[in-house]
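So this block is target-v4.cif, mmCIF, C-alpha atoms (C1' of nucleotides):
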```cif
data_model
loop_
_atom_site.label_atom_id
_atom_site.label_comp_id
_atom_site.auth_asym_id
_atom_site.auth_seq_id
_atom_site.Cartn_x
_atom_site.Cartn_y
_atom_site.Cartn_z
CA MET A 1 103.73 50.65 -152.48
CA PHE A 2 104.66 54.33 -152.13
CA SER A 3 103.18 56.41 -149.34
CA THR A 4 100.49 59.06 -149.04
CA LEU A 5 101.20 62.54 -150.38
CA CYS A 6 104.47 61.51 -152.00
CA PRO A 7 105.04 63.04 -155.45
CA SER A 8 104.29 59.77 -157.26
CA ARG A 9 100.85 59.65 -155.69
CA GLU A 10 100.08 63.20 -156.76
CA ILE A 11 101.15 62.51 -160.34
CA LEU A 12 99.18 59.28 -160.37
CA ASN A 13 96.07 61.04 -159.08
CA HIS A 14 96.31 63.74 -161.72
CA VAL A 15 96.99 61.34 -164.55
CA THR A 16 94.37 58.76 -163.57
CA SER A 17 91.76 61.31 -162.58
CA ARG A 18 88.40 61.01 -164.25
CA TRP A 19 89.20 63.65 -166.87
CA GLY A 20 92.99 63.38 -166.85
CA VAL A 21 92.83 60.02 -168.59
CA LEU A 22 90.53 61.35 -171.29
CA VAL A 23 92.47 64.58 -171.83
CA LEU A 24 95.75 62.73 -172.29
CA SER A 25 94.10 60.24 -174.61
CA ALA A 26 92.51 63.03 -176.64
CA LEU A 27 95.78 64.93 -176.97
CA MET A 28 97.47 61.78 -178.31
CA ASP A 29 95.73 62.71 -181.58
CA GLY A 30 97.67 65.98 -181.70
CA THR A 31 97.27 69.64 -180.80
CA HIS A 32 93.78 70.80 -179.83
CA ARG A 33 92.14 74.06 -178.86
CA PHE A 34 90.17 74.33 -175.61
CA SER A 35 86.79 74.12 -177.29
CA GLU A 36 87.92 71.22 -179.48
CA LEU A 37 88.84 69.25 -176.38
CA ARG A 38 85.53 70.21 -174.80
CA ARG A 39 83.64 68.78 -177.75
CA LYS A 40 85.87 65.74 -178.07
CA ILE A 41 85.65 64.72 -174.42
CA ASP A 42 81.97 64.01 -173.95
CA GLY A 43 80.55 65.20 -170.64
CA VAL A 44 83.43 67.33 -169.38
CA SER A 45 82.51 70.73 -167.96
CA GLU A 46 84.50 73.85 -168.77
CA LYS A 47 85.72 74.11 -165.22
CA MET A 48 86.99 70.55 -164.95
CA LEU A 49 88.64 70.72 -168.36
CA ALA A 50 90.44 73.93 -167.39
CA GLN A 51 91.44 72.53 -164.01
CA THR A 52 92.66 69.22 -165.46
CA LEU A 53 94.65 70.96 -168.16
CA GLN A 54 96.29 73.20 -165.54
CA GLN A 55 97.27 70.19 -163.41
CA LEU A 56 98.73 68.33 -166.37
CA GLU A 57 100.54 71.45 -167.48
CA MET A 58 102.09 71.92 -164.04
CA ASP A 59 103.14 68.28 -164.03
CA GLY A 60 104.93 68.87 -167.33
CA PHE A 61 102.72 66.61 -169.45
CA VAL A 62 100.85 69.29 -171.37
CA ASP A 63 102.12 72.31 -173.26
CA ARG A 64 99.92 75.41 -173.42
CA VAL A 65 100.40 78.05 -176.10
CA SER A 66 98.29 81.20 -175.96
CA TYR A 67 98.06 83.52 -178.95
CA PRO A 68 97.28 87.12 -177.91
CA VAL A 69 94.46 87.67 -180.37
CA VAL A 70 90.79 88.41 -180.03
CA PRO A 71 88.89 86.19 -179.77
CA PRO A 72 91.39 84.22 -177.64
CA HIS A 73 93.21 81.32 -179.26
CA VAL A 74 94.88 78.74 -177.01
CA GLU A 75 96.43 75.49 -178.16
CA TYR A 76 97.13 72.45 -176.02
CA SER A 77 99.54 69.65 -176.91
CA LEU A 78 101.53 66.91 -175.20
CA THR A 79 105.13 67.43 -174.15
CA PRO A 80 107.55 64.56 -174.91
CA LEU A 81 106.95 63.36 -171.34
CA GLY A 82 103.22 63.65 -171.91
CA GLU A 83 103.40 61.56 -175.05
CA GLN A 84 105.20 58.82 -173.17
CA ILE A 85 102.59 58.62 -170.44
CA GLY A 86 99.90 59.01 -173.08
CA VAL A 87 101.09 55.73 -174.57
CA GLN A 88 100.50 54.00 -171.23
CA ILE A 89 97.08 55.60 -170.87
CA ASP A 90 96.02 54.73 -174.40
CA SER A 91 97.16 51.17 -173.82
CA LEU A 92 94.90 50.95 -170.78
CA VAL A 93 91.93 52.57 -172.51
CA ASP A 94 92.33 50.38 -175.58
CA TRP A 95 92.51 47.26 -173.42
CA ILE A 96 89.23 48.14 -171.73
CA GLU A 97 87.50 48.91 -175.02
CA SER A 98 88.62 45.71 -176.71
CA ASN A 99 87.90 43.55 -173.65
CA LEU A 100 84.57 45.15 -172.81
CA PRO A 101 82.57 42.16 -174.10
CA LYS A 102 84.52 39.82 -171.81
CA ILE A 103 84.12 42.19 -168.87
CA MET A 104 80.37 42.53 -169.41
CA LYS A 105 80.04 38.77 -169.69
CA ALA A 106 82.00 38.28 -166.46
CA GLN A 107 79.69 40.79 -164.77
CA GLN A 108 76.62 38.94 -166.07
CA ALA A 109 77.94 35.56 -164.91
CA ARG A 110 78.39 37.03 -161.44
CA GLN A 111 74.79 38.20 -161.38
CA GLY A 112 73.35 34.75 -162.15
CA MET B 1 86.20 59.11 -177.59
CA PHE B 2 83.37 57.14 -176.02
CA SER B 3 80.45 58.93 -174.38
CA THR B 4 79.30 59.68 -170.86
CA LEU B 5 77.86 56.87 -168.76
CA CYS B 6 78.73 54.19 -171.30
CA PRO B 7 80.06 50.96 -169.76
CA SER B 8 83.67 51.71 -170.77
CA ARG B 9 83.57 54.95 -168.82
CA GLU B 10 82.28 53.21 -165.70
CA ILE B 11 84.99 50.56 -165.87
CA LEU B 12 87.62 53.20 -166.49
CA ASN B 13 86.43 55.23 -163.51
CA HIS B 14 86.55 52.22 -161.21
CA VAL B 15 89.93 51.05 -162.43
CA THR B 16 91.58 54.47 -162.43
CA SER B 17 89.92 55.63 -159.23
CA ARG B 18 92.19 56.90 -156.47
CA TRP B 19 92.28 53.53 -154.71
CA GLY B 20 91.41 51.25 -157.61
CA VAL B 21 94.83 51.72 -159.15
CA LEU B 22 96.60 50.91 -155.89
CA VAL B 23 94.40 47.91 -155.09
CA LEU B 24 94.98 46.35 -158.49
CA SER B 25 98.70 47.03 -158.24
CA ALA B 26 98.86 45.53 -154.75
CA LEU B 27 96.99 42.40 -155.82
CA MET B 28 99.48 41.87 -158.66
CA ASP B 29 101.76 40.52 -155.91
CA GLY B 30 99.25 37.75 -155.20
CA THR B 31 96.39 36.96 -152.84
CA HIS B 32 95.92 39.26 -149.86
CA ARG B 33 93.63 39.46 -146.85
CA PHE B 34 91.63 42.62 -146.19
CA SER B 35 93.90 43.79 -143.40
CA GLU B 36 97.00 43.01 -145.45
CA LEU B 37 95.74 45.26 -148.22
CA ARG B 38 94.90 47.92 -145.67
CA ARG B 39 98.49 47.91 -144.39
CA LYS B 40 100.02 47.65 -147.84
CA ILE B 41 98.07 50.53 -149.35
CA ASP B 42 99.21 53.48 -147.30
CA GLY B 43 96.47 55.93 -146.41
CA VAL B 44 93.42 53.93 -147.47
CA SER B 45 90.51 53.87 -145.03
CA GLU B 46 88.58 50.68 -144.26
CA LYS B 47 85.50 52.15 -145.86
CA MET B 48 87.14 53.06 -149.16
CA LEU B 49 89.06 49.78 -149.34
CA ALA B 50 85.84 47.81 -148.90
CA GLN B 51 84.00 49.97 -151.43
CA THR B 52 86.79 49.77 -154.00
CA LEU B 53 87.11 46.01 -153.62
CA GLN B 54 83.36 45.63 -154.12
CA GLN B 55 83.42 47.70 -157.30
CA LEU B 56 86.34 45.75 -158.72
CA GLU B 57 84.67 42.50 -157.73
CA MET B 58 81.46 43.49 -159.51
CA ASP B 59 83.46 44.43 -162.59
CA GLY B 60 84.96 40.94 -162.57
CA PHE B 61 88.54 42.00 -161.83
CA VAL B 62 88.76 40.78 -158.24
CA ASP B 63 87.87 37.45 -156.71
CA ARG B 64 86.66 37.37 -153.10
CA VAL B 65 86.80 34.20 -151.03
CA SER B 66 85.34 34.20 -147.54
CA TYR B 67 86.15 31.39 -145.12
CA PRO B 68 83.40 30.86 -142.53
CA VAL B 69 85.67 30.81 -139.51
CA VAL B 70 86.00 32.96 -136.44
CA PRO B 71 87.66 35.38 -136.54
CA PRO B 72 86.63 36.00 -140.16
CA HIS B 73 89.12 35.25 -142.90
CA VAL B 74 88.62 36.81 -146.36
CA GLU B 75 91.03 36.55 -149.24
CA TYR B 76 91.19 38.81 -152.28
CA SER B 77 92.92 37.96 -155.53
CA LEU B 78 92.86 38.99 -159.19
CA THR B 79 90.74 37.14 -161.72
CA PRO B 80 92.43 36.38 -165.08
CA LEU B 81 90.77 39.54 -166.41
CA GLY B 82 92.06 41.43 -163.38
CA GLU B 83 95.59 40.25 -163.96
CA GLN B 84 95.46 41.50 -167.53
CA ILE B 85 94.36 44.97 -166.55
CA GLY B 86 96.77 44.84 -163.62
CA VAL B 87 99.58 44.56 -166.13
CA GLN B 88 98.45 47.81 -167.75
CA ILE B 89 98.15 49.53 -164.38
CA ASP B 90 101.54 48.33 -163.19
CA SER B 91 103.06 49.49 -166.43
CA LEU B 92 101.66 52.96 -165.82
CA VAL B 93 102.72 53.04 -162.16
CA ASP B 94 106.20 51.80 -162.99
CA TRP B 95 106.59 54.40 -165.70
CA ILE B 96 105.73 57.19 -163.26
CA GLU B 97 108.10 55.87 -160.61
CA SER B 98 111.03 55.49 -162.99
CA ASN B 99 110.41 58.82 -164.69
CA LEU B 100 109.74 60.77 -161.51
CA PRO B 101 113.14 62.52 -161.63
CA LYS B 102 112.43 63.77 -165.16
CA ILE B 103 108.93 64.85 -164.18
CA MET B 104 110.15 66.74 -161.13
CA LYS B 105 112.82 68.42 -163.19
CA ALA B 106 110.28 69.44 -165.83
CA GLN B 107 108.12 70.90 -163.05
CA GLN B 108 111.08 72.83 -161.66
CA ALA B 109 112.02 74.22 -165.07
CA ARG B 110 108.47 75.48 -165.44
CA GLN B 111 108.69 77.31 -162.10
CA GLY B 112 111.84 79.26 -163.09
"C1'" DC C 1 88.95 39.93 -132.92
"C1'" DC C 2 88.26 40.48 -138.36
"C1'" DG C 3 85.69 42.27 -142.04
"C1'" DG C 4 82.70 44.94 -142.97
"C1'" DA C 5 78.05 48.32 -142.62
"C1'" DT C 6 76.27 52.77 -141.29
"C1'" DC C 7 76.07 57.59 -140.02
"C1'" DC C 8 77.89 62.09 -140.14
"C1'" DG C 9 81.03 66.14 -141.12
"C1'" DT C 10 84.09 67.95 -144.30
"C1'" DA C 11 86.88 68.47 -148.63
"C1'" DT C 12 86.88 68.18 -153.31
"C1'" DA C 13 84.59 67.13 -157.74
"C1'" DG C 14 81.35 68.86 -160.62
"C1'" DA C 15 77.51 71.74 -163.25
"C1'" DT C 16 75.83 76.27 -164.31
"C1'" DA C 17 76.14 81.16 -165.07
"C1'" DC C 18 78.92 84.88 -165.84
"C1'" DT C 19 83.16 87.81 -167.50
"C1'" DG C 20 87.17 89.77 -170.37
"C1'" DC D 1 86.75 81.69 -177.13
"C1'" DA D 2 88.77 80.63 -173.00
"C1'" DG D 3 88.42 80.77 -168.94
"C1'" DT D 4 86.61 82.32 -163.61
"C1'" DA D 5 82.84 82.81 -159.84
"C1'" DT D 6 79.36 80.67 -157.48
"C1'" DC D 7 76.72 77.10 -156.00
"C1'" DT D 8 75.55 72.02 -155.42
"C1'" DA D 9 76.55 67.03 -155.27
"C1'" DT D 10 79.36 63.29 -154.07
"C1'" DA D 11 83.72 61.23 -152.51
"C1'" DC D 12 86.12 60.56 -148.70
"C1'" DG D 13 87.82 59.93 -143.80
"C1'" DG D 14 86.64 58.96 -138.99
"C1'" DA D 15 83.91 57.08 -135.48
"C1'" DT D 16 80.82 53.66 -134.19
"C1'" DC D 17 78.33 49.47 -134.41
"C1'" DC D 18 77.64 44.57 -135.64
"C1'" DG D 19 77.63 39.62 -137.00
"C1'" DG D 20 80.34 35.62 -137.11
#
```

Could you spell out this file's structure in structure tokens?
Amino acid sequence: MFSTLCPSREILNHVTSRWGVLVLSALMDGTHRFSELRRKIDGVSEKMLAQTLQQLEMDGFVDRVSYPVVPPHVEYSLTPLGEQIGVQIDSLVDWIESNLPKIMKAQQARQG
Amino acid sequence: MFSTLCPSREILNHVTSRWGVLVLSALMDGTHRFSELRRKIDGVSEKMLAQTLQQLEMDGFVDRVSYPVVPPHVEYSLTPLGEQIGVQIDSLVDWIESNLPKIMKAQQARQG
DNA sequence: CCGGATCCGTATAGATACTG
DNA sequence: CAGTATCTATACGGATCCGG
């Protein structure tokens, strides 16, 4: 188990953050604009989306391309590194979705 | 993309929480006592460890066995469901660890 | 003594309103 | 449209207490 404040921990915290997971998963479908991501990721605020995208960009997982037009046009996509970690994330998300019935049933059994 | 406050989101938040990831990963090595986990997971406070273990227990990923002796003896282990999701988590953690050099280099390149 | 529960202060996550 | 500024909520750590 690696130690506090080491780089791995920072990366892990960014990637597994509440919105980091969903952003990476969303970008697995391809390039998206800011507002597209905002609509696609239910419940995310503008601030958290911007912040999460900046973190993932600094970590080298997300590529940001800004076109100098008005109104602004910015496109986000995964870098090769981002696609690789996106596979891991999607695997986790898919596992939860497909095993949700089992999980719920296990929760219920524990209640009784 | 599933919506806010749906069960999948809750599970995902627990599992990918700051300490949830590390607890699941630690328990992949087998049964641990509370204090063992506390030592193994660098930087976790007693409060957050207890809280995280309770969440994961309620979700059906962690099994808690308390022996009525003095001093108290409590053992934590993964349920079958927990082991399955632990595999996903470990896969993610391992990927980050083994790709850390690449990630750091990508970060550096972005700085220059 | 171990495994928590509880209270409190602070740091960060988060929503809302505003700007270029 | 794509963000920032400002404000509020909650996550978190630390100290303390407690029951077995």

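Every protein or nucleic acid residue with an atom no more than 12 Å from DC7 of chain C, counting only C-alpha atoms (C1' of nucleotides) and leaving out same-chain residues fewer than 4 positions away, appears here: DG14, DA15, DT16 and DC17 of chain D.
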
State, in Å with one decimal place, the distance from atom C1' of DG14 of chain C to atom CA of Gln51 of chain A.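 Result for atom C1' of DG14 of chain C versus atom CA of Gln51 of chain A: 11.3 Å, one decimal.
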
Would you mind aligning chain A to chain B, a least-squares fit over all C-alpha atoms taken in order, and returning the superposed chain as a JSON list (two decimals) with C-alpha atoms, keeping the file's coordinate frame?
```
[["chain", "number", "residue", "atom", "x", "y", "z"],
["A", 1, "MET", "CA", 86.15, 59.13, -177.44],
["A", 2, "PHE", "CA", 83.31, 57.14, -175.87],
["A", 3, "SER", "CA", 80.40, 58.93, -174.26],
["A", 4, "THR", "CA", 79.26, 59.66, -170.72],
["A", 5, "LEU", "CA", 77.82, 56.83, -168.64],
["A", 6, "CYS", "CA", 78.72, 54.18, -171.20],
["A", 7, "PRO", "CA", 80.08, 50.95, -169.67],
["A", 8, "SER", "CA", 83.67, 51.72, -170.71],
["A", 9, "ARG", "CA", 83.58, 54.95, -168.75],
["A", 10, "GLU", "CA", 82.32, 53.20, -165.64],
["A", 11, "ILE", "CA", 85.04, 50.55, -165.85],
["A", 12, "LEU", "CA", 87.66, 53.21, -166.48],
["A", 13, "ASN", "CA", 86.49, 55.23, -163.49],
["A", 14, "HIS", "CA", 86.62, 52.21, -161.21],
["A", 15, "VAL", "CA", 89.98, 51.04, -162.43],
["A", 16, "THR", "CA", 91.65, 54.46, -162.46],
["A", 17, "SER", "CA", 90.06, 55.62, -159.24],
["A", 18, "ARG", "CA", 92.40, 56.83, -156.55],
["A", 19, "TRP", "CA", 92.39, 53.49, -154.72],
["A", 20, "GLY", "CA", 91.48, 51.22, -157.62],
["A", 21, "VAL", "CA", 94.90, 51.69, -159.16],
["A", 22, "LEU", "CA", 96.66, 50.86, -155.91],
["A", 23, "VAL", "CA", 94.45, 47.86, -155.10],
["A", 24, "LEU", "CA", 95.03, 46.30, -158.51],
["A", 25, "SER", "CA", 98.75, 46.97, -158.26],
["A", 26, "ALA", "CA", 98.89, 45.46, -154.77],
["A", 27, "LEU", "CA", 97.01, 42.34, -155.83],
["A", 28, "MET", "CA", 99.49, 41.80, -158.67],
["A", 29, "ASP", "CA", 101.75, 40.42, -155.92],
["A", 30, "GLY", "CA", 99.22, 37.68, -155.20],
["A", 31, "THR", "CA", 96.36, 36.89, -152.83],
["A", 32, "HIS", "CA", 95.91, 39.21, -149.85],
["A", 33, "ARG", "CA", 93.61, 39.43, -146.87],
["A", 34, "PHE", "CA", 91.65, 42.63, -146.18],
["A", 35, "SER", "CA", 93.95, 43.80, -143.42],
["A", 36, "GLU", "CA", 97.04, 42.97, -145.47],
["A", 37, "LEU", "CA", 95.80, 45.22, -148.25],
["A", 38, "ARG", "CA", 94.98, 47.90, -145.69],
["A", 39, "ARG", "CA", 98.55, 47.86, -144.42],
["A", 40, "LYS", "CA", 100.08, 47.58, -147.87],
["A", 41, "ILE", "CA", 98.15, 50.48, -149.38],
["A", 42, "ASP", "CA", 99.30, 53.43, -147.32],
["A", 43, "GLY", "CA", 96.56, 55.91, -146.46],
["A", 44, "VAL", "CA", 93.49, 53.94, -147.52],
["A", 45, "SER", "CA", 90.57, 53.93, -145.09],
["A", 46, "GLU", "CA", 88.62, 50.78, -144.31],
["A", 47, "LYS", "CA", 85.55, 52.14, -146.01],
["A", 48, "MET", "CA", 87.26, 53.08, -149.27],
["A", 49, "LEU", "CA", 89.14, 49.79, -149.40],
["A", 50, "ALA", "CA", 85.90, 47.85, -148.92],
["A", 51, "GLN", "CA", 84.07, 49.98, -151.47],
["A", 52, "THR", "CA", 86.87, 49.74, -154.05],
["A", 53, "LEU", "CA", 87.15, 46.00, -153.62],
["A", 54, "GLN", "CA", 83.38, 45.63, -154.11],
["A", 55, "GLN", "CA", 83.48, 47.69, -157.32],
["A", 56, "LEU", "CA", 86.38, 45.70, -158.73],
["A", 57, "GLU", "CA", 84.69, 42.47, -157.74],
["A", 58, "MET", "CA", 81.48, 43.46, -159.51],
["A", 59, "ASP", "CA", 83.48, 44.41, -162.59],
["A", 60, "GLY", "CA", 84.98, 40.91, -162.58],
["A", 61, "PHE", "CA", 88.57, 41.97, -161.84],
["A", 62, "VAL", "CA", 88.78, 40.76, -158.25],
["A", 63, "ASP", "CA", 87.87, 37.42, -156.72],
["A", 64, "ARG", "CA", 86.64, 37.35, -153.12],
["A", 65, "VAL", "CA", 86.77, 34.18, -151.04],
["A", 66, "SER", "CA", 85.27, 34.22, -147.56],
["A", 67, "TYR", "CA", 86.02, 31.45, -145.08],
["A", 68, "PRO", "CA", 83.21, 31.02, -142.52],
["A", 69, "VAL", "CA", 85.43, 31.01, -139.46],
["A", 70, "VAL", "CA", 85.75, 33.23, -136.44],
["A", 71, "PRO", "CA", 87.50, 35.58, -136.56],
["A", 72, "PRO", "CA", 86.51, 36.21, -140.20],
["A", 73, "HIS", "CA", 89.00, 35.30, -142.91],
["A", 74, "VAL", "CA", 88.54, 36.81, -146.38],
["A", 75, "GLU", "CA", 90.99, 36.52, -149.24],
["A", 76, "TYR", "CA", 91.18, 38.78, -152.27],
["A", 77, "SER", "CA", 92.91, 37.91, -155.54],
["A", 78, "LEU", "CA", 92.86, 38.94, -159.19],
["A", 79, "THR", "CA", 90.76, 37.09, -161.74],
["A", 80, "PRO", "CA", 92.44, 36.34, -165.10],
["A", 81, "LEU", "CA", 90.80, 39.51, -166.43],
["A", 82, "GLY", "CA", 92.07, 41.39, -163.40],
["A", 83, "GLU", "CA", 95.61, 40.20, -163.99],
["A", 84, "GLN", "CA", 95.48, 41.46, -167.55],
["A", 85, "ILE", "CA", 94.38, 44.94, -166.56],
["A", 86, "GLY", "CA", 96.79, 44.80, -163.64],
["A", 87, "VAL", "CA", 99.61, 44.54, -166.17],
["A", 88, "GLN", "CA", 98.46, 47.80, -167.77],
["A", 89, "ILE", "CA", 98.15, 49.50, -164.40],
["A", 90, "ASP", "CA", 101.54, 48.31, -163.21],
["A", 91, "SER", "CA", 103.06, 49.52, -166.45],
["A", 92, "LEU", "CA", 101.64, 52.98, -165.81],
["A", 93, "VAL", "CA", 102.70, 53.06, -162.16],
["A", 94, "ASP", "CA", 106.19, 51.82, -162.99],
["A", 95, "TRP", "CA", 106.56, 54.45, -165.71],
["A", 96, "ILE", "CA", 105.70, 57.22, -163.26],
["A", 97, "GLU", "CA", 108.08, 55.89, -160.61],
["A", 98, "SER", "CA", 111.01, 55.51, -162.98],
["A", 99, "ASN", "CA", 110.37, 58.86, -164.69],
["A", 100, "LEU", "CA", 109.69, 60.81, -161.51],
["A", 101, "PRO", "CA", 113.08, 62.58, -161.61],
["A", 102, "LYS", "CA", 112.36, 63.82, -165.14],
["A", 103, "ILE", "CA", 108.85, 64.90, -164.16],
["A", 104, "MET", "CA", 110.08, 66.79, -161.10],
["A", 105, "LYS", "CA", 112.76, 68.47, -163.18],
["A", 106, "ALA", "CA", 110.19, 69.50, -165.80],
["A", 107, "GLN", "CA", 108.03, 70.93, -163.01],
["A", 108, "GLN", "CA", 111.00, 72.87, -161.62],
["A", 109, "ALA", "CA", 111.93, 74.26, -165.04],
["A", 110, "ARG", "CA", 108.37, 75.52, -165.39],
["A", 111, "GLN", "CA", 108.60, 77.33, -162.07],
["A", 112, "GLY", "CA", 111.75, 79.28, -163.02]]
```

Contact residues around segment 7-24 of chain B with only C-alpha atoms (C1' of nucleotides) at 6 Å, ignoring same-chain residues under 2 positions, as a list in words: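 That gives Thr16 of chain A; Ala26, Leu27 and Gly86 of chain B.
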
Just-selected residues, C-alpha atoms written as a PDB file, in the frame of the given file:
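This went into again-v2.pdb:
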```
ATOM      1  CA  THR A  16      94.370  58.760-163.570  1.00  0.00           C
TER       2      THR A  16
ATOM      3  CA  ALA B  26      98.860  45.530-154.750  1.00  0.00           C
ATOM      4  CA  LEU B  27      96.990  42.400-155.820  1.00  0.00           C
ATOM      5  CA  GLY B  86      96.770  44.840-163.620  1.00  0.00           C
TER       6      GLY B  86
END
```

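When you apply the PyMOL selection byres ((chain A) within 7 of (chain B)) to this structure, what comes back is Met1, Ser3, Thr4, Ser8, Asn13, Thr16, Ser17, Arg18, Lys40, Ile41, Asp42, Gly43, Met58, Asp59, Gly60, Gln88, Leu92, Ile96, Glu97, Leu100, Ile103, Ala106 and Gln107 of chain A.
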
Care to translate the PyMOL selection byres ((chain D and resi 5) around 12) into actual residues of this file, as a PyMOL selection string? (chain A and resi 47) or (chain C and resi 16-19) or (chain D and resi 3-4+6-7)

Take the residues that were just selected and, keeping C-alpha atoms (C1' of nucleotides), output them as a CSV table (one decimal), in the coordinates of the input.
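This went into out-v3.csv:
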```csv
chain,number,residue,atom,x,y,z
A,47,LYS,CA,85.7,74.1,-165.2
C,16,DT,C1',75.8,76.3,-164.3
C,17,DA,C1',76.1,81.2,-165.1
C,18,DC,C1',78.9,84.9,-165.8
C,19,DT,C1',83.2,87.8,-167.5
D,3,DG,C1',88.4,80.8,-168.9
D,4,DT,C1',86.6,82.3,-163.6
D,6,DT,C1',79.4,80.7,-157.5
D,7,DC,C1',76.7,77.1,-156.0
```

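Contacts from chain D to chain B at a cut-off of 9 Å (only C-alpha atoms (C1' of nucleotides)) map to DC12, DG13, DG14 and DG20 of chain D.
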
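Distance-wise, atom CA of His73 of chain A and atom CA of Ser35 of chain A end up 9.8 Å apart.
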